[in-house]
Every structure is written in structure tokens, then in C-alpha cells.
$ cat upload39.cif   # mmCIF, C-alpha atoms
data_protein
loop_
_atom_site.group_PDB
_atom_site.id
_atom_site.type_symbol
_atom_site.label_atom_id
_atom_site.label_comp_id
_atom_site.auth_asym_id
_atom_site.auth_seq_id
_atom_site.Cartn_x
_atom_site.Cartn_y
_atom_site.Cartn_z
ATOM 1 C CA LYS A 1269 85.172 115.966 150.642
ATOM 2 C CA GLN A 1270 84.472 118.092 153.697
ATOM 3 C CA GLU A 1271 84.468 116.273 157.037
ATOM 4 C CA VAL A 1272 83.534 117.786 160.387
ATOM 5 C CA THR A 1273 84.749 116.323 163.681
ATOM 6 C CA GLN A 1274 83.620 117.287 167.164
ATOM 7 C CA ILE A 1275 85.558 116.520 170.301
ATOM 8 C CA PRO A 1276 84.676 115.367 172.898
ATOM 9 C CA ALA A 1277 81.690 113.193 171.978
ATOM 10 C CA ALA A 1278 80.311 113.614 175.493
ATOM 11 C CA LEU A 1279 81.071 115.892 178.403
ATOM 12 C CA SER A 1280 79.771 116.034 181.964
ATOM 13 C CA VAL A 1281 80.493 119.066 184.146
ATOM 14 C CA PRO A 1282 79.233 120.511 187.424
ATOM 15 C CA GLU A 1283 77.032 123.567 187.292
ATOM 16 C CA GLY A 1284 78.911 126.848 187.100
ATOM 17 C CA GLU A 1285 81.898 125.616 185.138
ATOM 18 C CA ASN A 1286 83.152 127.333 182.017
ATOM 19 C CA LEU A 1287 83.629 124.885 179.158
ATOM 20 C CA VAL A 1288 84.877 124.632 175.592
ATOM 21 C CA LEU A 1289 83.524 122.463 172.803
ATOM 22 C CA ASN A 1290 85.742 121.818 169.800
ATOM 23 C CA CYS A 1291 84.970 121.480 166.108
ATOM 24 C CA SER A 1292 87.417 120.808 163.282
ATOM 25 C CA PHE A 1293 86.868 120.655 159.521
ATOM 26 C CA THR A 1294 89.087 119.329 156.768
ATOM 27 C CA ASP A 1295 88.503 121.903 153.991
ATOM 28 C CA SER A 1296 89.208 125.481 155.036
ATOM 29 C CA ALA A 1297 87.316 126.931 152.062
ATOM 30 C CA ILE A 1298 84.091 127.428 153.975
ATOM 31 C CA TYR A 1299 81.312 129.967 153.445
ATOM 32 C CA ASN A 1300 80.153 130.035 157.052
ATOM 33 C CA LEU A 1301 79.994 127.934 160.213
ATOM 34 C CA GLN A 1302 76.984 127.490 162.443
ATOM 35 C CA TRP A 1303 76.596 126.098 165.956
ATOM 36 C CA PHE A 1304 73.311 124.457 166.930
ATOM 37 C CA ARG A 1305 71.763 122.961 170.030
ATOM 38 C CA GLN A 1306 69.525 119.897 169.909
ATOM 39 C CA ASP A 1307 67.410 118.642 172.792
ATOM 40 C CA PRO A 1308 66.468 114.924 172.751
ATOM 41 C CA GLY A 1309 64.007 114.110 169.970
ATOM 42 C CA LYS A 1310 63.703 117.749 168.955
ATOM 43 C CA GLY A 1311 64.753 119.941 166.081
ATOM 44 C CA LEU A 1312 67.864 122.109 165.960
ATOM 45 C CA THR A 1313 68.102 125.568 167.514
ATOM 46 C CA SER A 1314 70.643 127.904 165.958
ATOM 47 C CA LEU A 1315 73.039 129.382 168.505
ATOM 48 C CA LEU A 1316 75.630 131.296 166.515
ATOM 49 C CA LEU A 1317 76.490 131.897 162.860
ATOM 50 C CA ILE A 1318 80.027 132.914 161.903
ATOM 51 C CA GLN A 1319 80.657 134.112 158.362
ATOM 52 C CA SER A 1320 83.979 133.115 156.770
ATOM 53 C CA SER A 1321 85.305 136.681 157.127
ATOM 54 C CA GLN A 1322 84.582 136.796 160.866
ATOM 55 C CA ARG A 1323 86.716 135.559 163.748
ATOM 56 C CA GLU A 1324 84.089 135.239 166.462
ATOM 57 C CA GLN A 1325 80.478 135.787 167.470
ATOM 58 C CA THR A 1326 78.949 136.225 170.903
ATOM 59 C CA SER A 1327 75.469 135.727 172.281
ATOM 60 C CA GLY A 1328 74.920 135.979 176.006
ATOM 61 C CA ARG A 1329 77.035 133.323 177.746
ATOM 62 C CA LEU A 1330 78.084 131.812 174.412
ATOM 63 C CA ASN A 1331 81.125 132.740 172.364
ATOM 64 C CA ALA A 1332 82.168 130.994 169.174
ATOM 65 C CA SER A 1333 85.490 131.495 167.433
ATOM 66 C CA LEU A 1334 86.602 130.552 163.940
ATOM 67 C CA ASP A 1335 90.119 129.913 162.655
ATOM 68 C CA LYS A 1336 89.737 129.020 159.002
ATOM 69 C CA SER A 1337 93.423 128.509 158.337
ATOM 70 C CA SER A 1338 93.677 125.764 160.934
ATOM 71 C CA GLY A 1339 90.185 124.399 160.248
ATOM 72 C CA ARG A 1340 88.939 124.887 163.786
ATOM 73 C CA SER A 1341 86.092 126.439 165.711
ATOM 74 C CA THR A 1342 85.393 126.487 169.425
ATOM 75 C CA LEU A 1343 82.204 127.148 171.346
ATOM 76 C CA TYR A 1344 82.790 128.619 174.787
ATOM 77 C CA ILE A 1345 79.981 128.379 177.349
ATOM 78 C CA ALA A 1346 80.413 130.503 180.454
ATOM 79 C CA ALA A 1347 78.940 129.673 183.852
ATOM 80 C CA SER A 1348 77.181 126.521 182.672
ATOM 81 C CA GLN A 1349 73.672 125.713 183.918
ATOM 82 C CA PRO A 1350 71.637 122.468 183.987
ATOM 83 C CA GLY A 1351 69.448 123.966 181.249
ATOM 84 C CA ASP A 1352 72.473 123.938 178.954
ATOM 85 C CA SER A 1353 72.333 120.142 178.882
ATOM 86 C CA ALA A 1354 71.827 119.141 175.246
ATOM 87 C CA THR A 1355 73.739 117.976 172.198
ATOM 88 C CA TYR A 1356 75.749 120.716 170.501
ATOM 89 C CA LEU A 1357 76.302 120.440 166.762
ATOM 90 C CA CYS A 1358 78.794 122.238 164.573
ATOM 91 C CA ALA A 1359 78.107 122.577 160.838
ATOM 92 C CA VAL A 1360 79.987 124.158 157.940
ATOM 93 C CA LYS A 1361 78.692 125.404 154.609
ATOM 94 C CA GLY A 1362 81.115 124.951 151.741
ATOM 95 C CA GLY A 1363 79.886 127.760 149.527
ATOM 96 C CA SER A 1364 76.827 129.851 148.751
ATOM 97 C CA GLN A 1365 75.616 126.886 146.676
ATOM 98 C CA GLY A 1366 76.470 124.281 149.244
ATOM 99 C CA ASN A 1367 74.600 122.554 152.007
ATOM 100 C CA LEU A 1368 75.551 122.282 155.666
ATOM 101 C CA ILE A 1369 77.865 119.441 156.645
ATOM 102 C CA PHE A 1370 77.430 118.399 160.274
ATOM 103 C CA GLY A 1371 79.665 116.935 162.900
ATOM 104 C CA LYS A 1372 78.285 114.159 165.094
ATOM 105 C CA GLY A 1373 77.898 116.499 168.049
ATOM 106 C CA THR A 1374 79.009 116.814 171.663
ATOM 107 C CA LYS A 1375 76.498 115.628 174.255
ATOM 108 C CA LEU A 1376 76.755 117.976 177.227
ATOM 109 C CA SER A 1377 75.426 117.189 180.684
ATOM 110 C CA VAL A 1378 75.554 119.895 183.355
ATOM 111 C CA LYS A 1379 75.006 118.489 186.848
ATOM 112 C CA PRO A 1380 73.293 120.640 189.514
ATOM 113 C CA GLU B 526 57.722 135.857 162.416
ATOM 114 C CA ALA B 527 56.701 132.217 162.077
ATOM 115 C CA GLY B 528 59.531 129.713 162.026
ATOM 116 C CA VAL B 529 59.929 126.646 159.862
ATOM 117 C CA THR B 530 56.929 124.386 160.299
ATOM 118 C CA GLN B 531 56.838 120.662 159.598
ATOM 119 C CA SER B 532 53.926 118.244 159.474
ATOM 120 C CA PRO B 533 53.020 115.761 160.651
ATOM 121 C CA THR B 534 54.915 115.598 163.939
ATOM 122 C CA HIS B 535 54.767 111.816 163.992
ATOM 123 C CA LEU B 536 54.068 109.303 161.253
ATOM 124 C CA ILE B 537 53.774 105.537 161.517
ATOM 125 C CA LYS B 538 53.848 103.519 158.307
ATOM 126 C CA THR B 539 54.113 99.895 157.313
ATOM 127 C CA ARG B 540 57.081 98.586 155.345
ATOM 128 C CA GLY B 541 56.471 99.012 151.620
ATOM 129 C CA GLN B 542 54.117 101.965 151.996
ATOM 130 C CA GLN B 543 54.791 105.561 150.969
ATOM 131 C CA ALA B 544 55.284 108.500 153.330
ATOM 132 C CA THR B 545 54.820 112.199 152.593
ATOM 133 C CA LEU B 546 56.357 114.829 154.848
ATOM 134 C CA ARG B 547 55.710 118.564 154.532
ATOM 135 C CA CYS B 548 57.686 121.694 155.292
ATOM 136 C CA SER B 549 56.873 125.409 155.219
ATOM 137 C CA PRO B 550 59.923 127.696 155.230
ATOM 138 C CA ILE B 551 60.300 131.068 156.870
ATOM 139 C CA SER B 552 58.606 133.771 154.810
ATOM 140 C CA GLY B 553 61.064 135.092 152.218
ATOM 141 C CA HIS B 554 63.341 132.055 152.317
ATOM 142 C CA THR B 555 63.549 130.358 148.934
ATOM 143 C CA SER B 556 65.870 127.487 149.891
ATOM 144 C CA VAL B 557 64.623 124.364 151.656
ATOM 145 C CA TYR B 558 66.883 121.540 152.836
ATOM 146 C CA TRP B 559 65.921 118.073 154.036
ATOM 147 C CA TYR B 560 68.039 116.033 156.467
ATOM 148 C CA GLN B 561 67.668 112.555 157.960
ATOM 149 C CA GLN B 562 68.746 111.819 161.519
ATOM 150 C CA ALA B 563 68.602 108.110 162.236
ATOM 151 C CA LEU B 564 69.119 106.843 165.791
ATOM 152 C CA GLY B 565 72.776 106.929 166.706
ATOM 153 C CA LEU B 566 73.789 108.544 163.418
ATOM 154 C CA GLY B 567 74.525 112.131 162.567
ATOM 155 C CA LEU B 568 72.528 114.406 160.352
ATOM 156 C CA GLN B 569 72.653 113.209 156.766
ATOM 157 C CA PHE B 570 71.855 115.624 153.927
ATOM 158 C CA LEU B 571 68.990 114.428 151.727
ATOM 159 C CA LEU B 572 67.813 117.135 149.329
ATOM 160 C CA TRP B 573 68.085 120.843 148.580
ATOM 161 C CA TYR B 574 65.398 122.815 146.750
ATOM 162 C CA ASP B 575 65.702 126.413 145.704
ATOM 163 C CA GLU B 576 63.187 128.476 143.734
ATOM 164 C CA GLY B 577 61.273 125.376 142.712
ATOM 165 C CA GLU B 578 64.225 123.359 141.470
ATOM 166 C CA GLU B 579 66.152 120.462 142.990
ATOM 167 C CA ARG B 580 69.713 121.812 143.357
ATOM 168 C CA ASN B 581 71.505 118.947 145.065
ATOM 169 C CA ARG B 582 70.845 115.582 146.646
ATOM 170 C CA GLY B 583 72.752 113.486 149.116
ATOM 171 C CA ASN B 584 73.745 109.845 148.883
ATOM 172 C CA PHE B 585 70.236 108.392 149.120
ATOM 173 C CA PRO B 586 68.365 106.065 146.738
ATOM 174 C CA PRO B 587 65.867 107.472 144.212
ATOM 175 C CA ARG B 588 62.916 106.351 146.328
ATOM 176 C CA PHE B 589 63.644 109.486 148.350
ATOM 177 C CA SER B 590 62.249 112.360 146.332
ATOM 178 C CA GLY B 591 60.437 115.610 146.765
ATOM 179 C CA ARG B 592 59.387 118.874 145.282
ATOM 180 C CA GLN B 593 59.089 122.553 146.039
ATOM 181 C CA PHE B 594 55.929 124.487 145.352
ATOM 182 C CA PRO B 595 55.581 128.070 144.020
ATOM 183 C CA ASN B 596 55.110 129.345 147.599
ATOM 184 C CA TYR B 597 58.484 127.667 148.450
ATOM 185 C CA SER B 598 56.940 125.056 150.729
ATOM 186 C CA SER B 599 58.239 121.570 150.126
ATOM 187 C CA GLU B 600 57.326 117.962 150.513
ATOM 188 C CA LEU B 601 59.521 114.904 150.909
ATOM 189 C CA ASN B 602 58.262 111.588 149.591
ATOM 190 C CA VAL B 603 59.711 108.260 150.615
ATOM 191 C CA ASN B 604 58.496 105.306 148.542
ATOM 192 C CA ALA B 605 58.730 101.589 149.301
ATOM 193 C CA LEU B 606 59.480 102.257 152.961
ATOM 194 C CA GLU B 607 62.090 100.110 154.679
ATOM 195 C CA LEU B 608 62.599 99.606 158.407
ATOM 196 C CA GLU B 609 65.882 101.558 158.193
ATOM 197 C CA ASP B 610 63.993 104.634 157.035
ATOM 198 C CA SER B 611 62.784 105.100 160.603
ATOM 199 C CA ALA B 612 64.317 108.412 161.649
ATOM 200 C CA LEU B 613 63.746 112.040 162.507
ATOM 201 C CA TYR B 614 63.399 114.028 159.284
ATOM 202 C CA LEU B 615 64.369 117.661 159.618
ATOM 203 C CA CYS B 616 63.654 120.504 157.254
ATOM 204 C CA ALA B 617 65.553 123.790 157.209
ATOM 205 C CA SER B 618 65.272 127.013 155.258
ATOM 206 C CA CYS B 619 67.630 129.880 154.588
ATOM 207 C CA ASP B 620 67.880 133.061 152.555
ATOM 208 C CA ARG B 621 70.682 131.940 150.275
ATOM 209 C CA HIS B 622 71.087 135.343 148.638
ATOM 210 C CA ARG B 623 71.660 137.117 151.972
ATOM 211 C CA GLY B 624 73.960 134.445 153.394
ATOM 212 C CA SER B 625 71.686 133.802 156.350
ATOM 213 C CA GLY B 626 72.121 130.761 158.525
ATOM 214 C CA TYR B 627 69.828 127.777 158.484
ATOM 215 C CA THR B 628 66.645 127.705 160.552
ATOM 216 C CA PHE B 629 65.334 124.234 161.313
ATOM 217 C CA GLY B 630 61.854 122.963 161.983
ATOM 218 C CA SER B 631 60.949 120.608 164.823
ATOM 219 C CA GLY B 632 61.020 117.568 162.562
ATOM 220 C CA THR B 633 58.826 114.632 161.636
ATOM 221 C CA ARG B 634 59.424 111.371 163.464
ATOM 222 C CA LEU B 635 58.847 108.580 160.920
ATOM 223 C CA THR B 636 58.478 105.062 162.267
ATOM 224 C CA VAL B 637 58.322 102.143 159.843
ATOM 225 C CA VAL B 638 56.921 98.911 161.270
#
$ encode --input "upload39.cif" --output "C-alpha cells"
Amino acid sequence: KQEVTQIPAALSVPEGENLVLNCSFTDSAIYNLQWFRQDPGKGLTSLLLIQSSQREQTSGRLNASLDKSSGRSTLYIAASQPGDSATYLCAVKGGSQGNLIFGKGTKLSVKP
Amino acid sequence: EAGVTQSPTHLIKTRGQQATLRCSPISGHTSVYWYQQALGLGLQFLLWYDEGEERNRGNFPPRFSGRQFPNYSSELNVNALELEDSALYLCASCDRHRGSGYTFGSGTRLTVV
């Protein structure tokens, strides 16, 4: 059974810092991996989608990497801003027929 | 392009009643997924519908059910509501055949009193 773990559970940084959020999964046979952002009480906003054949994806100040063999993904946020404060969720899809399995998220707080 | 839309935004029901939540996927997406996010818990997979059929369900009792209509919109029904059903219910759609990622709606906040 696939399990997704995110470390740390919470993170507080000063504005301007570069930071890394970690995600690990137990079954390396994934179809794709997706990073989301969730603001309090809101839905999920997709940040980056990495297909199983890809190693990384970039969007603006965000870069996500995928290492299937070790069951790990990282989300790198450059030059953090207070507006980046949110919960970041990692999710893996086990196959084209599967559904997304989520980690519990990392709650990020960026202090001005 | 319109995103995934969910209605209602908020719903307050009494224990024992039934709740119906609705979801319209992105145009062209045939797959709809339902998730429950209870306070302090992670996202739990509820149901997956694709092309009108239920394809998979999570570890939830049968009083959680739903359907998908010919236009691929979906509704989630929760019967015999319990206090623990209070949660944010999120719907997502994807184009399964093109391997697209999931796009989520803004959710329905269900409160059972």
C-alpha cells in the first residue's frame, strides 16, 4: 500500500530565504507526482506535475525534483515571500487507473 | 477555460439527514474524484467516477455514494449524517487518457450539527 510522508510538518522562515520541502513515498512504481498548495479553508492549487519519466519541473521560483528509485521528491522555493505562506501537499498517482495518494502536508510560514 | 466548480460552498445539516454535493469538471475531463478533508486529518480518497461508472472507492461506509451524469458532472450523497462527517469535501477532475494532473475545485464545507 502506497504511503506518502512529508517532512517537516511545519516550517517557519524569514522572507527571502530559499527552502526545501521533502516528500517520500514507499512504492516507487508511480505514474506521476503532483505538488499542490492549499490556503486555509480553501481548495488545492496545482503547482507542479512531474511524470514518472521526468526528473524535474520548474515554474517561476518553484522547482520540483523526482527520484523514483529512492522514492523521494523535493520542492525548492527560491527567495520566499510572505505570500508563499500556505500548506504544501505532495501526492502520487500509482498508475493511469489509480487515484492520488496524499501526504499530510508541510505548513509553511514566511515571516516579513 | 472554467475550472472545477463545486456547489454549494457551505452546507449545514442536522445529524441523520442527507447531504448532496455537486461537482462540474473541466470541459473534456471524464474523470471525477471526491476527497474528504476532516479537521486535522489529511485528504482521504472517497470515490472515483470515469465515463459514468464508479471505478474505485476509498475506505468509507456505503452511506457515502454518488454518481456521474452523461455530461461528466458528479454528485456526492452522504446519508444518515454523523457529526464526524463534518469536513471539507473536495472534487477534482483530470483527463485520464492524456495523463494530465488533477485540478481541484474550491470545495464544499459540510457542517453536521
$ resolve_selection --input "upload39.cif" --expression "the PyMOL selection byres ((chain A) within 7 of (chain B))" --output "NGL selection string"
:A and (1310-1314 or 1317 or 1364 or 1370 or 1372)
$ write_last_selection --input "upload39.cif" --atoms "C-alpha atoms" --output "compact mmCIF listing (two decimals), keeping the file's coordinate frame"
# COMPACT_ATOMS: atom_id res chain seq x y z
CA LYS A 1310 63.70 117.75 168.96
CA GLY A 1311 64.75 119.94 166.08
CA LEU A 1312 67.86 122.11 165.96
CA THR A 1313 68.10 125.57 167.51
CA SER A 1314 70.64 127.90 165.96
CA LEU A 1317 76.49 131.90 162.86
CA SER A 1364 76.83 129.85 148.75
CA PHE A 1370 77.43 118.40 160.27
CA LYS A 1372 78.28 114.16 165.09
$ residues_around --input "upload39.cif" --residues "Gln1302 in chain A" --least-positions-apart "3" --cutoff "7 Å" --atoms "only C-alpha atoms" --output "ChimeraX atom specification"
/A:1316-1318,1358-1360
$ write_last_selection --input "upload39.cif" --atoms "C-alpha atoms" --output "compact mmCIF listing (two decimals), in the frame of the given file"
# COMPACT_ATOMS: atom_id res chain seq x y z
CA LEU A 1316 75.63 131.30 166.52
CA LEU A 1317 76.49 131.90 162.86
CA ILE A 1318 80.03 132.91 161.90
CA CYS A 1358 78.79 122.24 164.57
CA ALA A 1359 78.11 122.58 160.84
CA VAL A 1360 79.99 124.16 157.94
$ resolve_selection --input "upload39.cif" --expression "the PyMOL selection byres ((chain A and resi 1300) around 6)" --output "PDB file with C-alpha atoms, keeping the file's coordinate frame"
ATOM      1  CA  ILE A1298      84.091 127.428 153.975  1.00  0.00           C
ATOM      2  CA  TYR A1299      81.312 129.967 153.445  1.00  0.00           C
ATOM      3  CA  LEU A1301      79.994 127.934 160.213  1.00  0.00           C
ATOM      4  CA  ILE A1318      80.027 132.914 161.903  1.00  0.00           C
ATOM      5  CA  GLN A1319      80.657 134.112 158.362  1.00  0.00           C
ATOM      6  CA  SER A1320      83.979 133.115 156.770  1.00  0.00           C
ATOM      7  CA  VAL A1360      79.987 124.158 157.940  1.00  0.00           C
ATOM      8  CA  LYS A1361      78.692 125.404 154.609  1.00  0.00           C
TER       9      LYS A1361
END
$ resolve_selection --input "upload39.cif" --expression "the PyMOL selection byres ((chain A and resi 1308) around 8)" --output "ChimeraX atom specification"
/A:1306-1307,1309-1310,1354-1355
$ closest_residue --input "upload39.cif" --among "A:Asn1331, A:Gln1274, A:Ser1280, A:Ser1337" --to "Ser1296 in chain A" --atoms "only C-alpha atoms"
A:Ser1337
$ atom_distance --input "upload39.cif" --atom1 "CA of Gln543 in chain B" --atom2 "CA of Phe585 in chain B"
15.8 Å
